[in-house]
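Novice: For reference, the file data30.pdb (PDB, C-alpha atoms and all ligand atoms) is included below:
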ATOM      1  CA  GLU A   1      11.077  20.640  -0.671
ATOM      2  CA  LEU A   2       9.789  17.040  -0.634
ATOM      3  CA  PRO A   3       9.083  15.239   2.641
ATOM      4  CA  ALA A   4      11.454  12.401   3.542
ATOM      5  CA  VAL A   5      10.553   8.980   2.217
ATOM      6  CA  GLN A   6       9.933   6.341   4.827
ATOM      7  CA  ALA A   7      12.346   3.700   6.003
ATOM      8  CA  VAL A   8      11.318   0.262   4.764
ATOM      9  CA  PRO A   9       9.632  -1.439   7.718
ATOM     10  CA  ALA A  10      11.704  -4.065   9.460
ATOM     11  CA  ALA A  11      10.354  -7.567   9.892
ATOM     12  CA  GLY A  12      10.874  -7.826  13.636
ATOM     13  CA  THR A  13      13.872  -8.725  15.736
ATOM     14  CA  GLY A  14      16.630 -10.937  14.391
ATOM     15  CA  ALA A  15      15.805 -13.607  16.937
ATOM     16  CA  ALA A  16      12.147 -13.660  15.935
ATOM     17  CA  SER A  17      13.064 -13.927  12.270
ATOM     18  CA  LEU A  18      15.402 -16.804  12.985
ATOM     19  CA  LYS A  19      12.669 -18.611  14.881
ATOM     20  CA  GLU A  20      10.261 -18.109  11.995
ATOM     21  CA  THR A  21      12.848 -19.312   9.493
ATOM     22  CA  GLU A  22      13.191 -22.537  11.398
ATOM     23  CA  ALA A  23       9.508 -23.121  10.786
ATOM     24  CA  ARG A  24       8.821 -25.450   7.883
ATOM     25  CA  GLY A  25       6.849 -24.638   4.805
ATOM     26  CA  LEU A  26       6.596 -22.117   2.036
ATOM     27  CA  ARG A  27       7.983 -19.203   4.023
ATOM     28  CA  ARG A  28      11.144 -21.147   4.855
ATOM     29  CA  ALA A  29      11.544 -22.325   1.231
ATOM     30  CA  VAL A  30      11.425 -18.703   0.035
ATOM     31  CA  VAL A  31      13.861 -17.507   2.716
ATOM     32  CA  LYS A  32      16.242 -20.310   1.757
ATOM     33  CA  GLY A  33      15.847 -19.579  -1.959
ATOM     34  CA  LEU A  34      14.584 -23.054  -2.841
ATOM     35  CA  CYS A  35      12.710 -22.498  -6.109
ATOM     36  CA  ARG A  36      11.393 -25.978  -6.802
ATOM     37  CA  GLU A  37      10.362 -26.515  -3.198
ATOM     38  CA  ALA A  38       8.631 -23.121  -3.059
ATOM     39  CA  GLY A  39       6.674 -23.915  -6.241
ATOM     40  CA  SER A  40       5.603 -27.368  -5.119
ATOM     41  CA  LEU A  41       4.697 -26.195  -1.598
ATOM     42  CA  ALA A  42       2.550 -23.437  -3.071
ATOM     43  CA  LEU A  43       0.825 -25.971  -5.321
ATOM     44  CA  ALA A  44       0.271 -28.395  -2.434
ATOM     45  CA  ALA A  45      -1.204 -25.599  -0.289
ATOM     46  CA  LEU A  46      -3.587 -24.586  -3.089
ATOM     47  CA  GLU A  47      -4.602 -28.221  -3.570
ATOM     48  CA  GLU A  48      -5.346 -28.380   0.154
ATOM     49  CA  GLY A  49      -7.770 -25.522  -0.411
ATOM     50  CA  LYS A  50      -5.650 -22.641   0.909
ATOM     51  CA  ASP A  51      -6.317 -19.237  -0.609
ATOM     52  CA  GLY A  52      -3.602 -17.953  -2.989
ATOM     53  CA  LEU A  53      -3.729 -14.373  -1.740
ATOM     54  CA  GLU A  54      -3.494 -15.542   1.865
ATOM     55  CA  LEU A  55      -0.362 -17.499   0.917
ATOM     56  CA  VAL A  56       1.126 -14.350  -0.616
ATOM     57  CA  LYS A  57       0.248 -12.310   2.477
ATOM     58  CA  ASN A  58       1.169 -14.816   5.172
ATOM     59  CA  GLU A  59       4.090 -16.715   3.638
ATOM     60  CA  ILE A  60       5.719 -14.957   0.679
ATOM     61  CA  ILE A  61       5.721 -11.330   1.870
ATOM     62  CA  PRO A  62       6.966 -12.171   5.412
ATOM     63  CA  ALA A  63       9.751 -14.299   3.853
ATOM     64  CA  LEU A  64      10.851 -11.384   1.653
ATOM     65  CA  ASP A  65      10.692  -8.995   4.601
ATOM     66  CA  GLU A  66      12.882 -11.392   6.539
ATOM     67  CA  VAL A  67      15.572 -11.634   3.849
ATOM     68  CA  GLY A  68      15.287  -7.887   3.249
ATOM     69  CA  GLN A  69      16.064  -7.279   6.908
ATOM     70  CA  GLY A  70      18.958  -9.757   6.794
ATOM     71  CA  PHE A  71      20.302  -7.950   3.730
ATOM     72  CA  GLU A  72      20.076  -4.601   5.480
ATOM     73  CA  GLU A  73      21.899  -6.005   8.507
ATOM     74  CA  LYS A  74      24.514  -7.586   6.214
ATOM     75  CA  ARG A  75      23.685 -11.116   7.409
ATOM     76  CA  ILE A  76      22.395 -11.990   3.928
ATOM     77  CA  PHE A  77      24.158 -11.109   0.675
ATOM     78  CA  LEU A  78      22.870 -10.213  -2.762
ATOM     79  CA  PRO A  79      23.028 -13.739  -4.293
ATOM     80  CA  GLN A  80      20.880 -15.075  -1.426
ATOM     81  CA  LEU A  81      18.486 -12.154  -1.800
ATOM     82  CA  MET A  82      18.203 -12.968  -5.510
ATOM     83  CA  MET A  83      17.592 -16.649  -4.821
ATOM     84  CA  ALA A  84      14.863 -15.778  -2.327
ATOM     85  CA  ALA A  85      13.280 -13.448  -4.890
ATOM     86  CA  GLU A  86      13.370 -16.237  -7.487
ATOM     87  CA  ALA A  87      11.781 -18.693  -5.077
ATOM     88  CA  ALA A  88       9.087 -16.102  -4.307
ATOM     89  CA  ALA A  89       8.502 -15.666  -8.047
ATOM     90  CA  ALA A  90       8.218 -19.447  -8.505
ATOM     91  CA  ALA A  91       5.572 -19.716  -5.779
ATOM     92  CA  PHE A  92       3.811 -16.623  -7.079
ATOM     93  CA  GLY A  93       3.758 -18.088 -10.619
ATOM     94  CA  VAL A  94       1.912 -21.156  -9.354
ATOM     95  CA  ILE A  95      -0.582 -18.991  -7.449
ATOM     96  CA  ARG A  96      -1.135 -16.735 -10.450
ATOM     97  CA  ALA A  97      -1.694 -19.677 -12.825
ATOM     98  CA  ALA A  98      -4.275 -21.167 -10.443
ATOM     99  CA  SER A  99      -6.004 -17.824 -10.115
ATOM    100  CA  GLU A 100      -6.159 -17.391 -13.915
ATOM    101  CA  GLN A 101      -7.730 -20.823 -14.258
ATOM    102  CA  GLY A 102     -10.353 -19.993 -11.662
ATOM    103  CA  ARG A 103     -11.325 -16.716 -13.331
ATOM    104  CA  GLY A 104     -14.191 -16.815 -15.811
ATOM    105  CA  HIS A 105     -14.490 -14.872 -19.032
ATOM    106  CA  THR A 106     -16.563 -11.958 -17.817
ATOM    107  CA  PRO A 107     -16.025  -8.665 -19.691
ATOM    108  CA  PRO A 108     -13.340  -6.437 -18.048
ATOM    109  CA  ARG A 109     -14.376  -3.506 -15.842
ATOM    110  CA  GLY A 110     -11.810  -1.084 -17.278
ATOM    111  CA  LYS A 111      -8.203  -0.866 -18.415
ATOM    112  CA  ILE A 112      -5.258  -0.068 -16.155
ATOM    113  CA  ILE A 113      -1.610   0.427 -17.152
ATOM    114  CA  LEU A 114       0.872  -0.866 -14.576
ATOM    115  CA  ALA A 115       4.652  -0.433 -14.379
ATOM    116  CA  THR A 116       7.623  -0.446 -12.051
ATOM    117  CA  VAL A 117       9.433   2.811 -12.743
ATOM    118  CA  LYS A 118      12.692   3.396 -14.594
ATOM    119  CA  GLY A 119      15.804   2.168 -12.764
ATOM    120  CA  ASP A 120      13.862  -0.182 -10.502
ATOM    121  CA  VAL A 121      13.681  -3.947 -11.051
ATOM    122  CA  HIS A 122      11.560  -4.783  -7.983
ATOM    123  CA  ASP A 123       8.362  -6.204  -9.457
ATOM    124  CA  ILE A 124       6.985  -8.647  -6.904
ATOM    125  CA  GLY A 125       4.723  -6.027  -5.296
ATOM    126  CA  LYS A 126       3.523  -4.782  -8.693
ATOM    127  CA  ASN A 127       2.750  -8.357  -9.727
ATOM    128  CA  ILE A 128       0.633  -8.797  -6.600
ATOM    129  CA  VAL A 129      -1.218  -5.571  -7.388
ATOM    130  CA  ARG A 130      -1.835  -6.906 -10.902
ATOM    131  CA  LEU A 131      -3.114 -10.244  -9.617
ATOM    132  CA  LEU A 132      -5.576  -8.546  -7.300
ATOM    133  CA  LEU A 133      -6.775  -6.033  -9.908
ATOM    134  CA  GLU A 134      -7.366  -8.890 -12.346
ATOM    135  CA  ASN A 135      -9.173 -10.881  -9.685
ATOM    136  CA  TYR A 136     -11.504  -7.925  -9.284
ATOM    137  CA  GLY A 137     -12.241  -7.938 -13.002
ATOM    138  CA  PHE A 138      -9.993  -5.142 -14.304
ATOM    139  CA  GLN A 139      -7.984  -5.506 -17.491
ATOM    140  CA  VAL A 140      -4.322  -4.846 -16.717
ATOM    141  CA  LEU A 141      -1.675  -3.946 -19.234
ATOM    142  CA  ASP A 142       1.544  -4.712 -17.389
ATOM    143  CA  LEU A 143       4.557  -2.917 -18.869
ATOM    144  CA  GLY A 144       6.916  -4.753 -16.533
ATOM    145  CA  LYS A 145       9.840  -3.272 -14.621
ATOM    146  CA  ASN A 146      12.434  -0.566 -15.282
ATOM    147  CA  VAL A 147       9.987   1.252 -17.554
ATOM    148  CA  GLU A 148      10.860   4.589 -19.156
ATOM    149  CA  PRO A 149       8.446   7.443 -18.291
ATOM    150  CA  GLU A 150       7.697   8.072 -21.974
ATOM    151  CA  THR A 151       6.760   4.412 -22.538
ATOM    152  CA  VAL A 152       4.135   4.724 -19.817
ATOM    153  CA  VAL A 153       2.786   7.956 -21.314
ATOM    154  CA  GLU A 154       2.700   6.570 -24.865
ATOM    155  CA  THR A 155       0.955   3.378 -23.798
ATOM    156  CA  ALA A 156      -1.630   5.255 -21.723
ATOM    157  CA  ARG A 157      -2.262   7.469 -24.775
ATOM    158  CA  SER A 158      -2.491   4.688 -27.367
ATOM    159  CA  GLU A 159      -4.590   2.431 -25.119
ATOM    160  CA  GLU A 160      -6.816   5.341 -24.065
ATOM    161  CA  ALA A 161      -6.391   4.292 -20.447
ATOM    162  CA  THR A 162      -7.750   6.503 -17.695
ATOM    163  CA  LEU A 163      -5.772   4.956 -14.832
ATOM    164  CA  VAL A 164      -2.047   4.263 -14.483
ATOM    165  CA  GLY A 165      -0.411   2.477 -11.531
ATOM    166  CA  LEU A 166       3.267   2.957 -10.720
ATOM    167  CA  SER A 167       5.463   1.065  -8.286
ATOM    168  CA  ALA A 168       8.862   2.083  -6.853
ATOM    169  CA  LEU A 169      10.797   0.319  -4.099
ATOM    170  CA  MET A 170      13.909   2.410  -3.682
ATOM    171  CA  THR A 171      14.666   5.928  -2.534
ATOM    172  CA  THR A 172      16.829   6.235  -5.662
ATOM    173  CA  THR A 173      13.946   5.481  -8.036
ATOM    174  CA  VAL A 174      11.270   7.704  -6.523
ATOM    175  CA  PRO A 175      12.533  10.620  -8.679
ATOM    176  CA  ALA A 176      11.783   8.506 -11.786
ATOM    177  CA  MET A 177       8.290   7.982 -10.394
ATOM    178  CA  GLU A 178       7.904  11.734  -9.962
ATOM    179  CA  GLU A 179       9.023  12.334 -13.543
ATOM    180  CA  THR A 180       6.570   9.733 -14.852
ATOM    181  CA  VAL A 181       3.675  11.245 -12.887
ATOM    182  CA  LYS A 182       4.558  14.719 -14.148
ATOM    183  CA  ARG A 183       4.741  13.636 -17.792
ATOM    184  CA  ILE A 184       1.418  11.832 -17.571
ATOM    185  CA  HIS A 185      -0.297  14.847 -16.030
ATOM    186  CA  ASP A 186       1.293  17.281 -18.500
ATOM    187  CA  GLN A 187       0.405  15.254 -21.590
ATOM    188  CA  LEU A 188      -2.716  13.388 -20.506
ATOM    189  CA  PRO A 189      -4.529  15.550 -17.946
ATOM    190  CA  ARG A 190      -7.543  13.224 -17.684
ATOM    191  CA  VAL A 191      -5.446  10.228 -16.648
ATOM    192  CA  LYS A 192      -5.251   9.433 -12.921
ATOM    193  CA  VAL A 193      -2.078   8.015 -11.419
ATOM    194  CA  MET A 194      -1.933   5.752  -8.357
ATOM    195  CA  VAL A 195       1.381   4.893  -6.764
ATOM    196  CA  GLY A 196       2.730   2.405  -4.241
ATOM    197  CA  GLY A 197       5.871   0.720  -2.975
ATOM    198  CA  ALA A 198       7.569   0.224   0.359
ATOM    199  CA  VAL A 199       9.472   3.532   0.513
ATOM    200  CA  LEU A 200       6.483   5.759  -0.228
ATOM    201  CA  THR A 201       4.268   7.605   2.215
ATOM    202  CA  PRO A 202       0.948   9.333   1.479
ATOM    203  CA  GLU A 203       2.690  12.700   2.001
ATOM    204  CA  TYR A 204       5.473  11.874  -0.421
ATOM    205  CA  ALA A 205       3.022  10.538  -2.991
ATOM    206  CA  ALA A 206       1.046  13.791  -2.777
ATOM    207  CA  ALA A 207       4.242  15.852  -3.046
ATOM    208  CA  ILE A 208       5.211  14.145  -6.322
ATOM    209  CA  GLY A 209       1.751  14.858  -7.718
ATOM    210  CA  ALA A 210       0.219  11.356  -7.609
ATOM    211  CA  ASP A 211      -3.581  11.240  -7.469
ATOM    212  CA  HIS A 212      -3.594   8.347  -5.031
ATOM    213  CA  TYR A 213      -1.278   6.353  -2.754
ATOM    214  CA  SER A 214      -1.968   2.761  -1.702
ATOM    215  CA  PRO A 215      -0.031   1.026   1.045
ATOM    216  CA  ASP A 216      -1.099  -2.355  -0.353
ATOM    217  CA  ALA A 217      -2.656  -4.095  -3.329
ATOM    218  CA  MET A 218      -6.193  -3.917  -1.953
ATOM    219  CA  GLY A 219      -5.926  -0.123  -1.764
ATOM    220  CA  ALA A 220      -5.142  -0.125  -5.490
ATOM    221  CA  VAL A 221      -8.303  -2.149  -6.153
ATOM    222  CA  ARG A 222     -10.430   0.259  -4.092
ATOM    223  CA  TYR A 223      -9.077   3.257  -5.990
ATOM    224  CA  ALA A 224      -9.566   1.515  -9.356
ATOM    225  CA  GLU A 225     -13.197   0.918  -8.366
ATOM    226  CA  GLU A 226     -13.537   4.613  -7.532
ATOM    227  CA  VAL A 227     -12.042   5.740 -10.861
ATOM    228  CA  LEU A 228     -13.350   3.064 -13.229
ATOM    229  CA  GLY A 229     -16.471   1.856 -11.440
TER     230      GLY A 229
HETATM  231 CO1  LIG B   1      16.124  -5.131  -3.384
HETATM  232  N1  LIG B   1      16.107  -3.599  -2.166
HETATM  233  N2  LIG B   1      17.662  -4.373  -4.294
HETATM  234  N3  LIG B   1      16.042  -6.729  -4.484
HETATM  235  N4  LIG B   1      14.871  -5.777  -2.198
HETATM  236  C1  LIG B   1      14.947  -3.538  -1.185
HETATM  237  C2  LIG B   1      13.783  -2.718  -1.747
HETATM  238  C3  LIG B   1      15.673  -2.843   0.057
HETATM  239  C4  LIG B   1      14.702  -2.074   0.967
HETATM  240  C5  LIG B   1      16.465  -3.919   0.819
HETATM  241  C6  LIG B   1      17.203  -3.346   2.018
HETATM  242  O1  LIG B   1      18.272  -2.815   1.884
HETATM  243  N5  LIG B   1      16.600  -3.449   3.188
HETATM  244  C7  LIG B   1      16.715  -1.912  -0.674
HETATM  245  C8  LIG B   1      16.229  -0.497  -1.029
HETATM  246  C9  LIG B   1      16.724   0.546  -0.025
HETATM  247  C10 LIG B   1      16.099   1.876  -0.269
HETATM  248  O2  LIG B   1      16.170   2.450  -1.316
HETATM  249  N6  LIG B   1      15.447   2.376   0.777
HETATM  250  C11 LIG B   1      17.038  -2.743  -1.896
HETATM  251  C12 LIG B   1      18.227  -2.609  -2.664
HETATM  252  C13 LIG B   1      19.232  -1.604  -2.148
HETATM  253  C14 LIG B   1      18.470  -3.356  -3.832
HETATM  254  C15 LIG B   1      19.701  -3.285  -4.761
HETATM  255  C16 LIG B   1      20.255  -1.880  -5.049
HETATM  256  C17 LIG B   1      20.776  -4.203  -4.167
HETATM  257  C18 LIG B   1      22.104  -4.161  -4.880
HETATM  258  O3  LIG B   1      22.187  -4.415  -6.051
HETATM  259  N7  LIG B   1      23.104  -3.813  -4.109
HETATM  260  C19 LIG B   1      19.146  -3.942  -6.056
HETATM  261  C20 LIG B   1      18.445  -2.880  -6.928
HETATM  262  C21 LIG B   1      18.200  -3.316  -8.324
HETATM  263  C22 LIG B   1      17.360  -2.269  -9.060
HETATM  264  O4  LIG B   1      16.163  -2.180  -8.851
HETATM  265  N8  LIG B   1      17.985  -1.473  -9.895
HETATM  266  C23 LIG B   1      18.120  -4.865  -5.480
HETATM  267  C24 LIG B   1      17.749  -6.071  -6.078
HETATM  268  C25 LIG B   1      16.790  -6.954  -5.567
HETATM  269  C26 LIG B   1      16.507  -8.328  -6.150
HETATM  270  C27 LIG B   1      16.612  -8.384  -7.674
HETATM  271  C28 LIG B   1      17.460  -9.320  -5.559
HETATM  272  C29 LIG B   1      15.081  -8.606  -5.551
HETATM  273  C30 LIG B   1      13.911  -8.115  -6.464
HETATM  274  C31 LIG B   1      13.317  -9.213  -7.332
HETATM  275  C32 LIG B   1      12.034  -8.792  -7.970
HETATM  276  O5  LIG B   1      11.269  -7.945  -7.515
HETATM  277  N9  LIG B   1      11.771  -9.437  -9.085
HETATM  278  C33 LIG B   1      15.070  -7.715  -4.317
HETATM  279  C34 LIG B   1      14.182  -7.886  -3.219
HETATM  280  C35 LIG B   1      13.334  -9.131  -3.219
HETATM  281  C36 LIG B   1      14.081  -6.929  -2.162
HETATM  282  C37 LIG B   1      13.256  -7.000  -0.859
HETATM  283  C38 LIG B   1      13.945  -8.002   0.061
HETATM  284  C39 LIG B   1      11.797  -7.400  -0.989
HETATM  285  C40 LIG B   1      10.949  -6.557  -1.945
HETATM  286  C41 LIG B   1       9.623  -7.215  -2.147
HETATM  287  O6  LIG B   1       9.394  -7.865  -3.147
HETATM  288  N10 LIG B   1       8.746  -7.153  -1.094
HETATM  289  C42 LIG B   1      13.334  -5.496  -0.351
HETATM  290  C43 LIG B   1      13.325  -5.375   1.178
HETATM  291  C44 LIG B   1      11.888  -5.240   1.707
HETATM  292  O7  LIG B   1      11.028  -4.629   1.078
HETATM  293  N11 LIG B   1      11.659  -5.783   2.863
HETATM  294  C45 LIG B   1      14.455  -4.942  -1.132
HETATM  295  C46 LIG B   1       7.463  -7.818  -1.093
HETATM  296  C47 LIG B   1       6.441  -6.982  -1.902
HETATM  297  C48 LIG B   1       5.093  -7.701  -1.907
HETATM  298  O8  LIG B   1       6.296  -5.734  -1.242
HETATM  299  O9  LIG B   1       7.013  -4.406  -3.270
HETATM  300  O10 LIG B   1       6.484  -3.255  -1.063
HETATM  301  P1  LIG B   1       6.232  -4.335  -2.024
HETATM  302  O11 LIG B   1       4.702  -4.260  -2.497
HETATM  303  C49 LIG B   1       3.595  -4.152  -1.622
HETATM  304  C50 LIG B   1       3.237  -2.702  -1.265
HETATM  305  O12 LIG B   1       4.340  -1.819  -1.228
HETATM  306  C51 LIG B   1       2.207  -2.319  -2.280
HETATM  307  O13 LIG B   1       1.510  -3.527  -2.503
HETATM  308  C52 LIG B   1       2.392  -4.647  -2.422
HETATM  309  C53 LIG B   1       1.629  -5.801  -1.825
HETATM  310  O14 LIG B   1       1.213  -5.513  -0.512
HETATM  311  N12 LIG B   1       2.597  -1.800  -3.596
HETATM  312  C54 LIG B   1       1.704  -1.083  -4.323
HETATM  313  C55 LIG B   1       3.714  -1.937  -4.313
HETATM  314  N13 LIG B   1       3.590  -1.337  -5.495
HETATM  315  C56 LIG B   1       2.351  -0.816  -5.541
HETATM  316  C57 LIG B   1       1.678  -0.095  -6.541
HETATM  317  C58 LIG B   1       0.381   0.332  -6.267
HETATM  318  C59 LIG B   1      -0.218   0.062  -5.052
HETATM  319  C60 LIG B   1       0.418  -0.649  -4.067
HETATM  320  O15 LIG B   1      -0.354   1.004  -7.143
HETATM  321  C61 LIG B   1       0.074   1.056  -8.475
END
What do you get writing this file as structure tokens?

Specialist:
Amino acid sequence: ELPAVQAVPAAGTGAASLKETEARGLRRAVVKGLCREAGSLALAALEEGKDGLELVKNEIIPALDEVGQGFEEKRIFLPQLMMAAEAAAAAFGVIRAASEQGRGHTPPRGKIILATVKGDVHDIGKNIVRLLLENYGFQVLDLGKNVEPETVVETARSEEATLVGLSALMTTTVPAMEETVKRIHDQLPRVKVMVGGAVLTPEYAAAIGADHYSPDAMGAVRYAEEVLG
């Protein structure tokens, strides 16, 4: 019997969210689903010297939490949720491009396969994990979202990777994560699997056989350092 997965944390009271939304800036642009504005505000913030990862943490993630809560409470509908996600992706794209430019050409510390599991198209969190892993010098092979378990196994085999990272955001896709973990361990016993995503808990991650659970992207970096040095 598996332990219950956790409820996705709420972003605070409705009133507080509304107050935050009224604030100007990148967070508001993402909440409102304004792609161009989100991209140019992210660029302006970077040009002012703000740190890209701080922008992700303090502006983009809170904005997504806010729309997520609105969606749950049926104040926000799917098209708005999609627009907010696109605006977040636009801002994230600018941050990622700047980060790539800033990175030198030092040899990678080790190879990591990353994927959002089958049935799940939520990839913003995975993309943040990728950005951070790359910033810490790891080579990441990102298989994208909605990835079949066998594709993950085959890639880990052909690339001779020793670490795989999986992301799942929905209660309905955690079983696909479990299947992927199981196949990796059955076929490639030396490969370690780390997992993350808003619905997971350390207990659940252990119950589905994952070697490591990270609540955030930095946890993934720490574990990669442990496994790959
Ligand atoms: Co959807 N969605 N969504 N959605 N969406 C959630 C997840 C939901 C909680 C919203 C809600 O109802 N409150 C809910 C799931 C409920 C559940 O199962 N408990 C939900 C639903 C139901 C759905 C649909 C079914 C809606 C529908 O169609 N009726 C549909 C599903 C489609 C599918 O996947 N098959 C759907 C669609 C979408 C959009 C396409 C519109 C969009 C995704 C766009 C995209 O990703 N490209 C979207 C969004 C944006 C969300 C919310 C609002 C935000 C998710 C997000 O990006 N958060 C979300 C509500 C919420 O979470 N507040 C919601 C920010 C991101 C940085 O956090 O991904 O948790 P997260 O990543 C964190 C950590 O978890 C960790 O590090 C990251 C950085 O700190 N982490 C890892 C993540 N992966 C890791 C891996 C690691 C280590 C750490 O190691 C490998």

Novice: Taking only C-alpha atoms and all ligand atoms into account, which of A:Thr180, A:Thr162, A:Thr155, A:Thr172 comes nearest ligand LIG 1 (chain B)?

Specialist: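 Of A:Thr180, A:Thr162, A:Thr155, A:Thr172, the one nearest ligand LIG 1 (chain B) is A:Thr172, counting only C-alpha atoms and all ligand atoms.
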
Novice: Show me the residues around (18.9, -14.0, -1.7) - criterion: an atom at most 8 Å away, all atoms listed in the file counted - as a PyMOL selection string.

Specialist: chain A and resi 31-33+67+76-85

Novice: Could you check which of A:Ala176, A:Ala224, A:Met170, A:Ala205 is closest to ligand LIG 1 (chain B), using only C-alpha atoms and all ligand atoms?

Specialist: A:Met170

Novice: Which one is closest to Met177 in chain A: A:Leu26, A:Val199, A:Ala91, A:Cys35? Count all atoms listed in the file.

Specialist: A:Val199

Novice: With distances taken over all atoms listed in the file, which residue among A:Ala29, A:Ala97, A:Val152, A:Met194 lies nearest ligand LIG 1 (chain B)?

Specialist: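 Between A:Ala29, A:Ala97, A:Val152, A:Met194, the residue approaching ligand LIG 1 (chain B) most closely is A:Met194.
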
Novice: With only C-alpha atoms as the atoms that count, which of A:Val30, A:Ala217, A:Leu163, A:Leu200 lies nearest to Glu86 in chain A?

Specialist: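 Comparing A:Val30, A:Ala217, A:Leu163, A:Leu200 against Glu86 in chain A, the winner is A:Val30.
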
Novice: As a quick test: using all atoms listed in the file, which residues lie no more than 6 Å away from ligand LIG 1 (chain B)? Give them as a PyMOL selection string.

Specialist: chain A and resi 8+61+64-65+67-69+71-72+81-82+85+119-126+128-129+165-167+169-172+194-198+214-217+220

Novice: May I have the selected residues written with C-alpha atoms, as a CSV table (one decimal), in the coordinates of the input?

Specialist:
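Once written, selection08.csv looks like this:
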chain,number,residue,atom,x,y,z
A,8,VAL,CA,11.3,0.3,4.8
A,61,ILE,CA,5.7,-11.3,1.9
A,64,LEU,CA,10.9,-11.4,1.7
A,65,ASP,CA,10.7,-9.0,4.6
A,67,VAL,CA,15.6,-11.6,3.8
A,68,GLY,CA,15.3,-7.9,3.2
A,69,GLN,CA,16.1,-7.3,6.9
A,71,PHE,CA,20.3,-8.0,3.7
A,72,GLU,CA,20.1,-4.6,5.5
A,81,LEU,CA,18.5,-12.2,-1.8
A,82,MET,CA,18.2,-13.0,-5.5
A,85,ALA,CA,13.3,-13.4,-4.9
A,119,GLY,CA,15.8,2.2,-12.8
A,120,ASP,CA,13.9,-0.2,-10.5
A,121,VAL,CA,13.7,-3.9,-11.1
A,122,HIS,CA,11.6,-4.8,-8.0
A,123,ASP,CA,8.4,-6.2,-9.5
A,124,ILE,CA,7.0,-8.6,-6.9
A,125,GLY,CA,4.7,-6.0,-5.3
A,126,LYS,CA,3.5,-4.8,-8.7
A,128,ILE,CA,0.6,-8.8,-6.6
A,129,VAL,CA,-1.2,-5.6,-7.4
A,165,GLY,CA,-0.4,2.5,-11.5
A,166,LEU,CA,3.3,3.0,-10.7
A,167,SER,CA,5.5,1.1,-8.3
A,169,LEU,CA,10.8,0.3,-4.1
A,170,MET,CA,13.9,2.4,-3.7
A,171,THR,CA,14.7,5.9,-2.5
A,172,THR,CA,16.8,6.2,-5.7
A,194,MET,CA,-1.9,5.8,-8.4
A,195,VAL,CA,1.4,4.9,-6.8
A,196,GLY,CA,2.7,2.4,-4.2
A,197,GLY,CA,5.9,0.7,-3.0
A,198,ALA,CA,7.6,0.2,0.4
A,214,SER,CA,-2.0,2.8,-1.7
A,215,PRO,CA,0.0,1.0,1.0
A,216,ASP,CA,-1.1,-2.4,-0.4
A,217,ALA,CA,-2.7,-4.1,-3.3
A,220,ALA,CA,-5.1,-0.1,-5.5

Novice: Kindly give the distance, in Å, that separates CA of Ala42 in chain A and CA of Leu133 in chain A, rounded to a single decimal.

Specialist: 20.9 Å

Novice: Here's the selection I'm unsure about, the PyMOL selection byres (((chain A and resi 178) around 9) and not hetatm); applied to the file above, which residues does it give, as number ranges by chain?

Specialist: A: 173-177, 179-183, 205, 207-210

Novice: What does the structure give for the distance between CA of Asp142 in chain A and CA of Leu188 in chain A, in Å to one decimal?

Specialist: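 Those two atoms sit 18.9 Å apart.
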
Novice: So how many Å separate CA of Lys111 in chain A and CA of Ala161 in chain A, to one decimal?

Specialist: 5.8 Å

Novice: In terms of the shortest atom-to-atom distance over all atoms listed in the file, which of A:Tyr136, A:Val117, A:Asn127, A:Arg222 is closest to Thr151 in chain A?

Specialist: A:Val117

Novice: Evaluate the PyMOL selection byres (((chain A and resi 114) around 8) and not hetatm) and record the selected residues as JSON, numbers by chain, following the chain and residue labels used in the document.

Specialist: {"A": [112, 113, 115, 116, 126, 130, 140, 141, 142, 143, 144, 164, 165, 166]}

Novice: Running the PyMOL selection byres (((chain A and resi 103) around 10) and not hetatm) on this model by hand, what would come out? Give it as a PyMOL selection string.

Specialist: chain A and resi 98-102+104-106+134-137

Novice: Set the distance at 8 Å and use all atoms listed in the file: which residues neighbour range 44-58 of chain A once local chain neighbours fewer than 5 positions away are removed? I'd like the list as a PDB file with C-alpha atoms, keeping the file's coordinate frame.

Specialist:
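So around07.pdb came out as:
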ATOM      1  CA  PHE A  92       3.811 -16.623  -7.079  1.00  0.00           C
ATOM      2  CA  ILE A  95      -0.582 -18.991  -7.449  1.00  0.00           C
ATOM      3  CA  ARG A  96      -1.135 -16.735 -10.450  1.00  0.00           C
ATOM      4  CA  SER A  99      -6.004 -17.824 -10.115  1.00  0.00           C
TER       5      SER A  99
END

Novice: Show me as a short mmCIF file (atom, residue, chain, number, x, y, z; two decimals) with C-alpha atoms, in the frame of the given file the residues that reach within 7 Å of (-6.6, 8.8, -4.8), counting all atoms listed in the file and using the file's own coordinates.

Specialist:
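Wrote selection.cif, looks like this:
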data_model
loop_
_atom_site.label_atom_id
_atom_site.label_comp_id
_atom_site.auth_asym_id
_atom_site.auth_seq_id
_atom_site.Cartn_x
_atom_site.Cartn_y
_atom_site.Cartn_z
CA MET A 194 -1.93 5.75 -8.36
CA ASP A 211 -3.58 11.24 -7.47
CA HIS A 212 -3.59 8.35 -5.03
CA TYR A 213 -1.28 6.35 -2.75
CA TYR A 223 -9.08 3.26 -5.99
#

Novice: Can you sort out the box for range 60-75 of chain A, edges along x, y and z, all listed atoms in, 6 Å on every side, with centre and edge lengths in Å to one decimal, as AutoDock Vina command-line options?

Specialist:
--center_x 15.1 --center_y -9.8 --center_z 4.6 --size_x 30.8 --size_y 22.4 --size_z 19.8
